[in-house]
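Notes to accompany the following structure.
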Protein chains: 2
Amino acid sequence: MPSHKSIGRLSLYRSILNRLLRDGVNSLFSHELASLAGATPSQVRRDLMVTGYTGSPVRGYDVRDLLASIGRFLDAPESEGVALVGVGNLGRAIMAFFTGRRPSLTIQAAFDRDPYKVNRVIHGIRCHPMEDLESVLVREHVRVAIITVPAIEAQDIADRLCRAGVKGILNFAPVRLRVLPSVFVEDVDVTMSLEKVAYYSRQGNRAEGI
Amino acid sequence: MPSHKSIGRLSLYRSILNRLLRDGVNSLFSHELASLAGATPSQVRRDLMVTGYTGSPVRGYDVRDLLASIGRFLDAPESEGVALVGVGNLGRAIMAFFTGRRPSLTIQAAFDRDPYKVNRVIHGIRCHPMEDLESVLVREHVRVAIITVPAIEAQDIADRLCRAGVKGILNFAPVRLRVLPSVFVEDVDVTMSLEKVAYYSRQGNRAEGI
DNA sequence: AATAACACGTGAAAAAGATAACAGTGCTAC
DNA sequence: GTAGCACTGTTATCTTTTTCACGTGTTATT
Ligand SMILES: NC(=O)c1ccc[n+]([C@@H]2O[C@H](COP(=O)([O-])OP(=O)(O)OC[C@H]3O[C@@H](n4cnc5c(N)ncnc54)[C@H](O)[C@@H]3O)[C@@H](O)[C@H]2O)c1
Ligand SMILES: NC(=O)c1ccc[n+]([C@@H]2O[C@H](COP(=O)([O-])OP(=O)(O)OC[C@H]3O[C@@H](n4cnc5c(N)ncnc54)[C@H](O)[C@@H]3O)[C@@H](O)[C@H]2O)c1
């Protein structure tokens, strides 16, 4: 049972390793990955333990094998669909960002209540009307959703998503969602992050870990 | 010296308190704030300790006073300007989001290298050419910046920002920036967050704290 | 008036997380 | 061939963060 931070770092390692692989790097040591990730070598080794992959003291970690191992650990057995609710400024930016990126995690359907957006295809993703939310999610077995609607609407949307079987929500609206304990919610609060940056920019303090 | 998490929660409390104030709530108890923030009452009380504000066991916390106290603790003495580099999909969404929001922390200048964006005013914010970066930042005493350029460009931008006197960076590009220890960097990694959600959605695990 | 109830602030205990330490291993170089 | 080296996996230690628990003061109630 690895910690939440550890899971986050594994995802970070993967993105670093993917870039290294594109650059022709075939193997590396824990201290090299640590340096790229802003972590310590021990931390890297400890994180990688949970994936079951074991490197060689001589050659270090094989980038390809390690990527595969992280993938087996982090990803669903088969590729997973994600729904996004709220095709506004932020929602569209995220849709643009994720198109043709990670094959194992793709935004499969978008939803909005604005009739000007409904039934359009935006960044390759079909925008459905809100009344189709439950049916589309159930039909496509969507278990992960992104909320980018205004804060006031977010709780209602979360309730509907949960009723439709969603088990994980990435929430950009600045409210804490109330959901069943079996549903995982991760909040991305940009205002909070910016205020934190402003605070520490004044304290002359070092950046925090990952 | 409060923890990083604690600073984040103070910002969250503030946003909750602001909303409560608009709804006509004048005072509350630690357990009420805790419940809204997804924290425990002890944690709330402990976090608030650092601001120096002390509530009454009878009436709880006065929302207005508490807001003022958090503000004194978190905010700069006078309102602070923020720069944003990379007026793309995400950059524009963030610019739209922050216009007319927090008076103490406003995006004052944007920068992009695309000539179609330069010298336009977007969401009320002037987009400057990259060659003016240093001069504008120094002139306007900007100490906090947001990076929303492609990953490959982010390190260069960070270097220039630091040279121009920036002390805190909110970084949306999926790379770890190398900066002097005196500069604070906060990363927002959407891919990582989404992968985390996907992972825990499969584990039937409870959401993490804040 | 005495007492129960309640929430605050805060020191102490517990839990979580990060770092350091160390034994084991295979290569290199004498 | 074997001493030295550089790395791994993993356990042990240390640090940070969260939770508990209790003394205090105030109001309501008997
Ligand atoms: N834009 C940003 O950079 C940014 C940053 C941080 C947080 N956020 C948060 O993300 C959310 C969206 O921000 P935005 O800037 O994209 O806002 P926006 O107004 O541009 O977009 C909101 C979208 O949600 C749709 N919507 C509203 N209510 C709905 C409902 N009940 N059902 C379905 N769709 C609905 C609207 O039609 C619109 O398309 C907000 O909660 C905001 O606070 C945005
Ligand atoms: N869009 C999202 O939802 C999203 C989510 C997470 C992370 N990100 C990250 O945010 C960054 C921006 O994403 P985006 O979707 O807005 O990309 P984008 O391509 O839409 O925007 C990038 C902008 O940066 C400008 N730019 C590029 N190089 C520059 C330079 N050297 N100097 C100044 N300006 C420069 C471009 O002209 C463009 O306007 C990327 O690093 C991306 O990985 C985006």
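To be explicit about the labels: the chains of the structure tokens are called A, B, and onward in the order shown, and within each one the residues are counted from 1, while ligands get numbers from 1 in the order they are shown.
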
(Q) Env of segment 3-16 of chain C: 10 Å cut, atoms = only C-alpha atoms (C1' of nucleotides), seq-sep filter 6 positions within chain, self excluded. Answer as a PyMOL selection string. (A) (chain A and resi 3) or (chain B and resi 29-31+42+45-46+49+54-61) or (chain D and resi 16-30)

Go ahead and write the residues just picked, N, CA and C atoms (P, O5', C5', C4', C3', O3' and C1' of nucleotides), as a compact mmCIF listing (two decimals), in the first residue's frame.
# COMPACT_ATOMS: atom_id res chain seq x y z
N SER A 3 2.03 5.19 -0.56
CA SER A 3 1.38 6.45 -0.18
C SER A 3 0.90 7.21 -1.42
N PHE B 29 -17.83 27.42 13.96
CA PHE B 29 -16.94 26.68 14.84
C PHE B 29 -15.94 25.89 14.01
N SER B 30 -14.89 25.47 14.66
CA SER B 30 -13.84 24.74 13.94
C SER B 30 -14.41 23.50 13.27
N HIS B 31 -15.35 22.82 13.90
CA HIS B 31 -15.83 21.60 13.26
C HIS B 31 -16.67 21.89 12.02
N SER B 42 -9.39 19.60 14.88
CA SER B 42 -8.07 19.92 15.46
C SER B 42 -7.15 20.53 14.42
N ARG B 45 -8.05 24.13 13.90
CA ARG B 45 -7.60 24.98 15.00
C ARG B 45 -6.10 25.19 14.95
N ARG B 46 -5.40 24.09 14.67
CA ARG B 46 -3.94 24.20 14.60
C ARG B 46 -3.50 25.11 13.46
N MET B 49 -3.98 28.70 14.33
CA MET B 49 -3.05 29.19 15.34
C MET B 49 -2.00 30.12 14.74
N THR B 54 -7.53 34.32 17.44
CA THR B 54 -8.05 33.42 18.45
C THR B 54 -9.56 33.60 18.58
N GLY B 55 -10.26 32.48 18.47
CA GLY B 55 -11.72 32.51 18.47
C GLY B 55 -12.29 32.37 19.86
N SER B 56 -13.58 32.46 19.94
CA SER B 56 -14.23 32.33 21.24
C SER B 56 -14.88 30.96 21.35
N PRO B 57 -14.69 30.28 22.47
CA PRO B 57 -15.31 28.97 22.65
C PRO B 57 -16.83 29.05 22.58
N VAL B 58 -17.35 30.23 22.73
CA VAL B 58 -18.80 30.37 22.74
C VAL B 58 -19.36 30.68 21.37
N ARG B 59 -18.78 31.68 20.74
CA ARG B 59 -19.30 32.08 19.44
C ARG B 59 -18.52 31.45 18.29
N GLY B 60 -17.40 30.81 18.60
CA GLY B 60 -16.55 30.27 17.55
C GLY B 60 -15.69 31.35 16.93
N TYR B 61 -15.54 31.30 15.61
CA TYR B 61 -14.71 32.28 14.91
C TYR B 61 -15.60 33.28 14.21
P DT D 16 11.89 18.49 9.93
O5' DT D 16 10.44 18.31 9.29
C5' DT D 16 10.28 17.50 8.14
C4' DT D 16 8.84 17.03 8.05
C3' DT D 16 7.80 18.10 8.37
O3' DT D 16 6.89 18.06 7.30
C1' DT D 16 7.32 16.12 9.56
P DT D 17 5.72 19.20 7.16
O5' DT D 17 4.44 18.40 7.65
C5' DT D 17 4.11 17.17 7.00
C4' DT D 17 2.95 16.53 7.73
C3' DT D 17 1.83 17.52 8.09
O3' DT D 17 0.65 17.01 7.51
C1' DT D 17 2.40 16.15 9.95
P DT D 18 -0.83 17.66 7.79
O5' DT D 18 -1.43 16.61 8.84
C5' DT D 18 -1.41 15.23 8.52
C4' DT D 18 -1.95 14.42 9.69
C3' DT D 18 -3.32 14.88 10.19
O3' DT D 18 -4.17 13.75 10.22
C1' DT D 18 -1.79 14.67 12.00
P DT D 19 -5.73 13.93 10.58
O5' DT D 19 -5.74 13.44 12.10
C5' DT D 19 -5.28 12.13 12.40
C4' DT D 19 -5.15 11.98 13.90
C3' DT D 19 -6.45 12.28 14.66
O3' DT D 19 -6.78 11.09 15.38
C1' DT D 19 -4.57 13.32 15.68
P DC D 20 -8.13 11.08 16.28
O5' DC D 20 -7.54 11.22 17.74
C5' DC D 20 -6.42 10.42 18.10
C4' DC D 20 -5.91 10.82 19.48
C3' DC D 20 -6.99 10.99 20.53
O3' DC D 20 -6.54 10.27 21.66
C1' DC D 20 -5.61 12.89 20.49
P DA D 21 -7.54 10.00 22.90
O5' DA D 21 -7.04 11.02 24.00
C5' DA D 21 -5.66 11.36 24.09
C4' DA D 21 -5.49 12.45 25.13
C3' DA D 21 -6.68 12.58 26.10
O3' DA D 21 -6.17 13.02 27.33
C1' DA D 21 -6.46 14.57 24.91
P DC D 22 -7.00 12.77 28.68
O5' DC D 22 -6.57 14.05 29.53
C5' DC D 22 -5.28 14.64 29.35
C4' DC D 22 -5.41 16.14 29.42
C3' DC D 22 -6.45 16.60 30.46
O3' DC D 22 -5.87 17.63 31.23
C1' DC D 22 -6.78 17.68 28.43
P DG D 23 -6.42 17.89 32.73
O5' DG D 23 -6.13 19.43 32.94
C5' DG D 23 -4.87 20.01 32.54
C4' DG D 23 -5.08 21.47 32.20
C3' DG D 23 -5.98 22.21 33.21
O3' DG D 23 -5.48 23.52 33.41
C1' DG D 23 -6.95 22.32 31.05
P DT D 24 -6.30 24.60 34.22
O5' DT D 24 -7.12 25.36 33.10
C5' DT D 24 -6.44 26.19 32.13
C4' DT D 24 -7.48 27.04 31.42
C3' DT D 24 -8.47 27.72 32.36
O3' DT D 24 -8.47 29.12 32.11
C1' DT D 24 -9.62 26.58 30.63
P DG D 25 -9.24 30.13 33.10
O5' DG D 25 -10.46 30.61 32.20
C5' DG D 25 -10.21 31.14 30.89
C4' DG D 25 -11.53 31.17 30.14
C3' DG D 25 -12.65 31.89 30.90
O3' DG D 25 -13.37 32.67 29.98
C1' DG D 25 -13.33 29.71 30.34
P DT D 26 -14.39 33.79 30.54
O5' DT D 26 -15.76 33.31 29.92
C5' DT D 26 -15.86 33.11 28.51
C4' DT D 26 -17.16 32.39 28.22
C3' DT D 26 -18.37 32.97 28.95
O3' DT D 26 -19.40 33.21 28.01
C1' DT D 26 -18.28 30.64 29.22
P DT D 27 -20.60 34.21 28.38
O5' DT D 27 -21.86 33.25 28.22
C5' DT D 27 -22.05 32.56 26.98
C4' DT D 27 -22.85 31.31 27.26
C3' DT D 27 -24.23 31.57 27.87
O3' DT D 27 -25.21 31.11 26.95
C1' DT D 27 -23.12 29.76 28.93
P DA D 28 -26.75 31.36 27.22
O5' DA D 28 -27.21 29.94 27.73
C5' DA D 28 -26.87 28.79 26.97
C4' DA D 28 -27.37 27.55 27.67
C3' DA D 28 -28.79 27.66 28.23
O3' DA D 28 -29.46 26.43 27.98
C1' DA D 28 -27.28 27.15 29.98
P DT D 29 -30.94 26.20 28.52
O5' DT D 29 -30.64 25.37 29.85
C5' DT D 29 -29.78 24.22 29.79
C4' DT D 29 -29.88 23.44 31.09
C3' DT D 29 -31.28 23.44 31.72
O3' DT D 29 -31.51 22.17 32.31
C1' DT D 29 -29.74 24.35 33.26
P DT D 30 -33.00 21.72 32.70
O5' DT D 30 -32.82 21.29 34.23
C5' DT D 30 -31.86 20.28 34.58
C4' DT D 30 -31.41 20.48 36.02
C3' DT D 30 -32.52 20.36 37.06
O3' DT D 30 -32.08 19.51 38.10
C1' DT D 30 -31.30 22.33 37.39

Q.
With 6 Å as the limit and counting only C-alpha atoms, what residues in chain B lie close to chain A? Please list them as a list in words.
A. Gly8, Ser11, Leu74, Asn89, Leu90, Ala93, Lys167, Gly168, Pro181, Ser182, Phe184, Val185, Met192, Val197, Tyr199, Ser201, Gly204, Asn205, Arg206 and Ala207 of chain B

Write the residues of the preceding selection, restricted to N, CA and C atoms, as an mmCIF file, in the first residue's frame.
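File written: result08.cif
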data_model
loop_
_atom_site.group_PDB
_atom_site.id
_atom_site.type_symbol
_atom_site.label_atom_id
_atom_site.label_comp_id
_atom_site.auth_asym_id
_atom_site.auth_seq_id
_atom_site.Cartn_x
_atom_site.Cartn_y
_atom_site.Cartn_z
ATOM 1 N N GLY B 8 -1.520 25.781 2.299
ATOM 2 C CA GLY B 8 -2.553 25.460 1.320
ATOM 3 C C GLY B 8 -3.934 25.463 1.948
ATOM 4 N N SER B 11 -5.394 28.901 2.600
ATOM 5 C CA SER B 11 -5.984 29.472 1.397
ATOM 6 C C SER B 11 -7.368 28.885 1.138
ATOM 7 N N LEU B 74 -1.313 35.559 5.061
ATOM 8 C CA LEU B 74 -0.976 34.981 3.752
ATOM 9 C C LEU B 74 -0.522 36.024 2.743
ATOM 10 N N ASN B 89 -3.813 27.756 -24.900
ATOM 11 C CA ASN B 89 -5.124 27.306 -24.420
ATOM 12 C C ASN B 89 -5.239 27.447 -22.902
ATOM 13 N N LEU B 90 -4.252 26.897 -22.212
ATOM 14 C CA LEU B 90 -4.316 26.922 -20.757
ATOM 15 C C LEU B 90 -4.083 28.336 -20.230
ATOM 16 N N ALA B 93 -7.157 30.353 -20.480
ATOM 17 C CA ALA B 93 -8.172 29.924 -19.506
ATOM 18 C C ALA B 93 -7.855 30.506 -18.133
ATOM 19 N N LYS B 167 10.493 35.410 -7.682
ATOM 20 C CA LYS B 167 10.819 34.600 -6.497
ATOM 21 C C LYS B 167 9.871 33.425 -6.311
ATOM 22 N N GLY B 168 8.814 33.346 -7.121
ATOM 23 C CA GLY B 168 7.887 32.233 -7.016
ATOM 24 C C GLY B 168 7.289 31.924 -8.378
ATOM 25 N N PRO B 181 17.810 27.875 -4.954
ATOM 26 C CA PRO B 181 17.040 27.498 -3.764
ATOM 27 C C PRO B 181 16.145 28.624 -3.255
ATOM 28 N N SER B 182 16.467 29.852 -3.609
ATOM 29 C CA SER B 182 15.684 30.978 -3.093
ATOM 30 C C SER B 182 14.386 31.186 -3.872
ATOM 31 N N PHE B 184 10.821 29.712 -5.178
ATOM 32 C CA PHE B 184 9.847 28.667 -4.865
ATOM 33 C C PHE B 184 9.103 28.259 -6.130
ATOM 34 N N VAL B 185 9.039 26.968 -6.383
ATOM 35 C CA VAL B 185 8.313 26.468 -7.554
ATOM 36 C C VAL B 185 7.204 25.533 -7.093
ATOM 37 N N MET B 192 -0.388 13.847 -14.055
ATOM 38 C CA MET B 192 -0.130 13.102 -12.830
ATOM 39 C C MET B 192 -1.397 12.984 -11.992
ATOM 40 N N VAL B 197 -5.939 9.706 -9.984
ATOM 41 C CA VAL B 197 -7.375 9.447 -9.863
ATOM 42 C C VAL B 197 -7.710 8.087 -10.462
ATOM 43 N N TYR B 199 -5.797 5.536 -10.842
ATOM 44 C CA TYR B 199 -5.268 4.467 -9.981
ATOM 45 C C TYR B 199 -6.191 4.208 -8.800
ATOM 46 N N SER B 201 -9.241 5.093 -8.349
ATOM 47 C CA SER B 201 -10.606 4.712 -8.717
ATOM 48 C C SER B 201 -10.720 3.198 -8.799
ATOM 49 N N GLY B 204 -10.719 1.406 -4.947
ATOM 50 C CA GLY B 204 -11.822 1.635 -4.017
ATOM 51 C C GLY B 204 -11.382 2.398 -2.777
ATOM 52 N N ASN B 205 -10.414 3.287 -2.970
ATOM 53 C CA ASN B 205 -9.791 3.956 -1.839
ATOM 54 C C ASN B 205 -10.393 5.325 -1.608
ATOM 55 N N ARG B 206 -10.355 5.722 -0.358
ATOM 56 C CA ARG B 206 -10.893 7.024 0.016
ATOM 57 C C ARG B 206 -9.997 8.154 -0.494
ATOM 58 N N ALA B 207 -10.639 9.291 -0.712
ATOM 59 C CA ALA B 207 -9.902 10.474 -1.144
ATOM 60 C C ALA B 207 -8.887 10.880 -0.088
#

**Q.** Members of chain A assigned strand (DSSP E) by DSSP, as a PyMOL selection string
**A.** chain A and resi 27-28+61-62+80-85+105-112+121-122+125-129+144-147+168-171+184-187

Limited to C-alpha atoms, could you put the picked residues into a file as an mmCIF file, in the first residue's frame?
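So the final result, stored in out.cif, reads:
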data_model
loop_
_atom_site.group_PDB
_atom_site.id
_atom_site.type_symbol
_atom_site.label_atom_id
_atom_site.label_comp_id
_atom_site.auth_asym_id
_atom_site.auth_seq_id
_atom_site.Cartn_x
_atom_site.Cartn_y
_atom_site.Cartn_z
ATOM 1 C CA SER A 27 19.101 2.821 -18.871
ATOM 2 C CA LEU A 28 19.767 4.962 -15.830
ATOM 3 C CA TYR A 61 17.286 0.399 -14.524
ATOM 4 C CA ASP A 62 16.353 -0.506 -18.054
ATOM 5 C CA GLU A 80 -9.655 3.411 -19.776
ATOM 6 C CA GLY A 81 -12.097 6.094 -20.854
ATOM 7 C CA VAL A 82 -12.481 9.408 -19.077
ATOM 8 C CA ALA A 83 -15.437 11.787 -19.167
ATOM 9 C CA LEU A 84 -15.206 15.559 -18.857
ATOM 10 C CA VAL A 85 -18.081 17.739 -17.702
ATOM 11 C CA LEU A 105 -6.184 7.212 -20.488
ATOM 12 C CA THR A 106 -8.195 9.167 -23.016
ATOM 13 C CA ILE A 107 -11.056 11.606 -22.733
ATOM 14 C CA GLN A 108 -13.838 9.713 -24.399
ATOM 15 C CA ALA A 109 -16.834 11.933 -23.892
ATOM 16 C CA ALA A 110 -17.529 15.523 -22.890
ATOM 17 C CA PHE A 111 -20.719 17.027 -21.513
ATOM 18 C CA ASP A 112 -22.090 20.530 -21.265
ATOM 19 C CA VAL A 121 -17.001 17.639 -31.774
ATOM 20 C CA ILE A 122 -14.319 19.644 -29.976
ATOM 21 C CA ILE A 125 -14.187 14.692 -28.537
ATOM 22 C CA ARG A 126 -17.935 14.618 -28.868
ATOM 23 C CA CYS A 127 -19.807 16.973 -26.536
ATOM 24 C CA HIS A 128 -23.013 15.360 -25.313
ATOM 25 C CA PRO A 129 -26.046 16.980 -23.729
ATOM 26 C CA VAL A 144 -13.069 8.355 -14.157
ATOM 27 C CA ALA A 145 -14.341 11.890 -14.727
ATOM 28 C CA ILE A 146 -13.054 15.449 -14.823
ATOM 29 C CA ILE A 147 -15.183 18.277 -13.472
ATOM 30 C CA GLY A 168 -12.670 8.725 -9.425
ATOM 31 C CA ILE A 169 -13.054 12.460 -10.000
ATOM 32 C CA LEU A 170 -10.479 15.060 -10.914
ATOM 33 C CA ASN A 171 -12.106 18.240 -9.695
ATOM 34 C CA PHE A 184 -11.740 9.074 -4.932
ATOM 35 C CA VAL A 185 -11.595 12.824 -5.464
ATOM 36 C CA GLU A 186 -8.490 14.777 -6.355
ATOM 37 C CA ASP A 187 -8.793 18.544 -6.258
#

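Interface residues of chain C facing chain A, defined by any atom at most 9 Å away and using only C-alpha atoms (C1' of nucleotides), are DA16, DG17, DA18, DT19, DA20, DT25, DG26 and DC27 of chain C.
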
Can you write out the residues you just picked, keeping C-alpha atoms (C1' of nucleotides), as a tab-separated table (two decimals), in the first residue's frame?
chain	number	residue	atom	x	y	z
C	16	DA	C1'	3.05	9.01	7.90
C	17	DG	C1'	6.73	10.10	5.13
C	18	DA	C1'	11.56	10.95	3.92
C	19	DT	C1'	16.34	10.06	4.54
C	20	DA	C1'	20.23	7.42	5.86
C	25	DT	C1'	26.13	-8.26	-5.96
C	26	DG	C1'	28.55	-8.16	-10.18
C	27	DC	C1'	31.98	-5.72	-12.69

Q: Extract the full set of helix (DSSP H, G or I) residues from segment 8-181 of chain B according to DSSP on the backbone, and format it as a PyMOL selection string.
A: chain B and resi 8-22+30-37+41-49+63-74+89-98+130-139+151-163

Q | Residues near Ala164 of chain B, cut-off 10 Å, only C-alpha atoms (C1' of nucleotides), skip fewer than 6 positions along chain, as a list in words | A | Leu133, Glu134, Ser135, Val136, Leu137, Val138, Arg139, His141, Val142, Arg143 and Ala158 of chain B

Q.
Could you list, as a ChimeraX atom specification, every residue within 12 Å of DT2 of chain D, counting only C-alpha atoms (C1' of nucleotides) and ignoring same-chain residues fewer than 5 positions away?
A. /C:28-30

Write a file of the selected residues as a PDB file, in the first residue's frame, keeping C-alpha atoms (C1' of nucleotides).
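Wrote again16.pdb, looks like this:
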ATOM      1  C1'  DT C  28      36.887  -3.596 -13.166  1.00  0.00           C
ATOM      2  C1'  DA C  29      41.447  -3.289 -12.521  1.00  0.00           C
ATOM      3  C1'  DC C  30      45.154  -4.551 -10.930  1.00  0.00           C
TER       4       DC C  30
END
